[in-house]
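This report concerns only the one structure given below.
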Amino acid sequence: MNRTSQGARDTAPSHDGRPLSEDRYRRGTRRTGAEPLAASWEPTGHRRRKRRRGVKGLIAGYGWRIYAIPVLLVLTALVVLDTAAPSTIAGGETNPADPGTGASAPPTTTGPPEATEKPPVEIDLKNFPTAQLPDGPKFSEQGAGTFAVIPGTTQPAGTGGKLYRYAIAIEDGVEPADYNGDREAFARTVDGILADPRSWIGTGQVTMQRVDAEPVDFTVSLTTTSTTHAMCGFQIQFESSCWHNLSKRVVINTARWVRGGKVYGSDLSAYRTYAINHEVGHVLKNPHEGCKENGKAAPVMMQQSFGVANDYVAQLNSVDSSNRYAVEANGLVCTPNPFPVAPQ
C-alpha cells in the first residue's frame with residue numbers, strides 16, 4: 001500500500017481547486033478525519049451590533065430590570081422613613097420609648113455620665129438635729145434696730161370675729177437680697193399668707209386687715225439675726241423668730257426667711273407660711289404645743305423650726321425656762337404643717 005506523505009496531503013487540491021490547507025478552514029466545509037479542529041472568533045449567524053448609548057442603550061442592555069431600579073430605590077426610602085418615625089397607638093397618640101415625656105429613647109452612650117441626679121435625702125425627723133439652720137445663701141446679720149413700714153393696705157379678710165389690723169415693715173440694714181429686692185413683693189407674700197382660708201381667718205374667729213398707719217395690733221417685721229437675738233433671746237442656740245409683745249412686733253428672722261427649716265426640706269414657701277402663722281398665733285395668745293398624734297400633721301404652734309419630734313424639741317426646751325414644759329417627751333413624731341386650719 002502506498003502512503004501519501006503529510007506534505008502530499010496538505011498540497012492536494014480540493015474539489016474546487018483550492019489546496020486542502022485553505023479549504024479546511026473555510027466556514028461551513030466538512031473537516032476530514034486527519035484535519036485539526038478550527039475555531040472561529042465570530043460565531044456563525046451573529047454580527048457585532050453597534051452599542052447604543054443613553055436610556056435606549058440601558059434598556060437594550062438590561063431589559064425589564066432597568067425599570068426595577070427606581071422602584072427599589074423608592075421602597076428603600078419608605079422603609080428608612082418608617083423606621084425613623086415613632087410608632088403610634090390607638091387614637092393616634094405617640095407611643096414613645098420614654099412614657100410621659102413624648103420623646104424617643106436617647107441613643108446609647110458609653111462612659112460615665114458627666115452629671116448625675118441628686119435626689120433629696122430623707123430626714124430622720126426623730127433623731128436628726130433638725131434645729132440646725134439649713135445650708136443656703138447669705139443673710140443679713142447686723143441691722144440698725146429701726147424699721148421702715150411698707151406702704152399699702154388691704155380689705156379685711158375673714159368672715160367674722162375680732163378685726164386685727166397689721167402693718168408690714170423691714171428693718172433698716174436688711175440687704176435687699178433677703179427679700180429679692182422687692183419690698184412690695186415681700187408685703188404681698190405676708191398678705192397672701194394671712195388671707196389664706198387655711199390660716200387663722202379660717203377659724204371664723206378673727207379677721208385680718210393690712211394698714212400702714214396707726215393704730216395697729218401688730219407689725220410683721222423682717223429682722224436681722226442680731227436684732228432678733230436681742231428681742232427674742234437666744235437661750236436655745238438655734239435661729240428662730242418670735243412674737244415681741246412689748247413692741248407688738250412679729251419678729252421674722254432673716255436667717256430663717258432666707259434658708260427655712262430642716263423639716264421642710266427645700267419647700268421654702270411652706271416654711272415661710274409656717275413662720276408667719278406660728279408667730280401670729282402668739283399674737284392671738286396661743287402657746288407652744290407638742291405633737292398630738294404620731295405620724296399626723298404637727299400643730300402650727302409646735303416649734304417646727306426646731307423639729308417635729310417631741311423628744312427632741314423637749315430636750316432643746318430644757319434650757320429655756322419659758323418653754324421648759326411646753327412639750328412632753330413622749331416619743332411622738334409628727335409631720336410638718338404650716339397651717340392652723342385643716343384644708344376643707
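Scheme for the C-alpha cells: letters A, B, ... for chains in order shown; per-chain residue numbers from 1; ligand numbers from 1 in order shown.
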Each segment 224-245 of chain A residue no farther than 9 Å from segment 300-313 of chain A, nearest pair in Å, only C-alpha atoms, as a tab-separated table:
residue	atom	partner	partner_atom	distance
A:Phe238	CA	A:Phe306	CA	7.8
A:Glu239	CA	A:Ser305	CA	8.2
A:Ser240	CA	A:Ser305	CA	6.7
A:Ser241	CA	A:Ser305	CA	8.7
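Counting from atom CA of Gly145 of chain A, the distance to atom CA of Tyr264 of chain A is 29.3 Å.
Within the 9 Å cut-off around Lys248 of chain A, using only C-alpha atoms and omitting residues fewer than 5 positions from it on the same chain, the listed residues are Val216, Asp217, Phe218, Thr219, Val220, Trp243 and Val283 of chain A.
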Limited to N, CA, C and O atoms, could you put the picked residues into a file as a PDB file, in the first residue's frame?
ATOM      1  N   VAL A 216     -52.323  99.989 115.066  1.00  0.00           N
ATOM      2  CA  VAL A 216     -52.110  98.632 114.579  1.00  0.00           C
ATOM      3  C   VAL A 216     -52.072  97.687 115.778  1.00  0.00           C
ATOM      4  O   VAL A 216     -51.682  98.074 116.882  1.00  0.00           O
ATOM      5  N   ASP A 217     -52.476  96.455 115.536  1.00  0.00           N
ATOM      6  CA  ASP A 217     -52.429  95.443 116.594  1.00  0.00           C
ATOM      7  C   ASP A 217     -51.084  94.710 116.598  1.00  0.00           C
ATOM      8  O   ASP A 217     -50.634  94.254 117.654  1.00  0.00           O
ATOM      9  N   PHE A 218     -50.452  94.617 115.447  1.00  0.00           N
ATOM     10  CA  PHE A 218     -49.105  94.020 115.364  1.00  0.00           C
ATOM     11  C   PHE A 218     -48.484  94.404 114.035  1.00  0.00           C
ATOM     12  O   PHE A 218     -49.174  94.797 113.079  1.00  0.00           O
ATOM     13  N   THR A 219     -47.151  94.294 113.993  1.00  0.00           N
ATOM     14  CA  THR A 219     -46.397  94.577 112.774  1.00  0.00           C
ATOM     15  C   THR A 219     -45.518  93.377 112.451  1.00  0.00           C
ATOM     16  O   THR A 219     -44.730  92.928 113.299  1.00  0.00           O
ATOM     17  N   VAL A 220     -45.675  92.864 111.255  1.00  0.00           N
ATOM     18  CA  VAL A 220     -44.810  91.771 110.792  1.00  0.00           C
ATOM     19  C   VAL A 220     -43.517  92.407 110.280  1.00  0.00           C
ATOM     20  O   VAL A 220     -43.534  93.187 109.332  1.00  0.00           O
ATOM     21  N   TRP A 243     -42.605  86.407 118.758  1.00  0.00           N
ATOM     22  CA  TRP A 243     -43.561  87.490 118.956  1.00  0.00           C
ATOM     23  C   TRP A 243     -43.048  88.327 120.104  1.00  0.00           C
ATOM     24  O   TRP A 243     -42.893  87.862 121.220  1.00  0.00           O
ATOM     25  N   VAL A 283     -49.667  86.155 118.690  1.00  0.00           N
ATOM     26  CA  VAL A 283     -50.440  87.399 118.792  1.00  0.00           C
ATOM     27  C   VAL A 283     -51.843  87.084 119.304  1.00  0.00           C
ATOM     28  O   VAL A 283     -52.411  87.835 120.128  1.00  0.00           O
TER      29      VAL A 283
END
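Shortest separation to Ile168 of chain A among A:Gln142, A:Thr223, A:Thr130, A:Thr254 occurs at residue A:Thr223, atoms counted being only C-alpha atoms.
For the pair atom CA of Phe186 of chain A and atom CA of Pro287 of chain A, the separation is 26.7 Å.
Here atom CA of Asp135 of chain A stands at a distance of 21.2 Å from atom CA of Asn337 of chain A.
Residue-level DSSP output for segment 110-230 of chain A, from the backbone, shows alpha helix (DSSP H) at Arg183, Glu184, Ala185, Phe186, Ala187, Arg188, Thr189, Val190, Asp191, Gly192, Ile193, Leu194, Thr225, Ser226, Thr227, Thr228, His229 and Ala230 of chain A.
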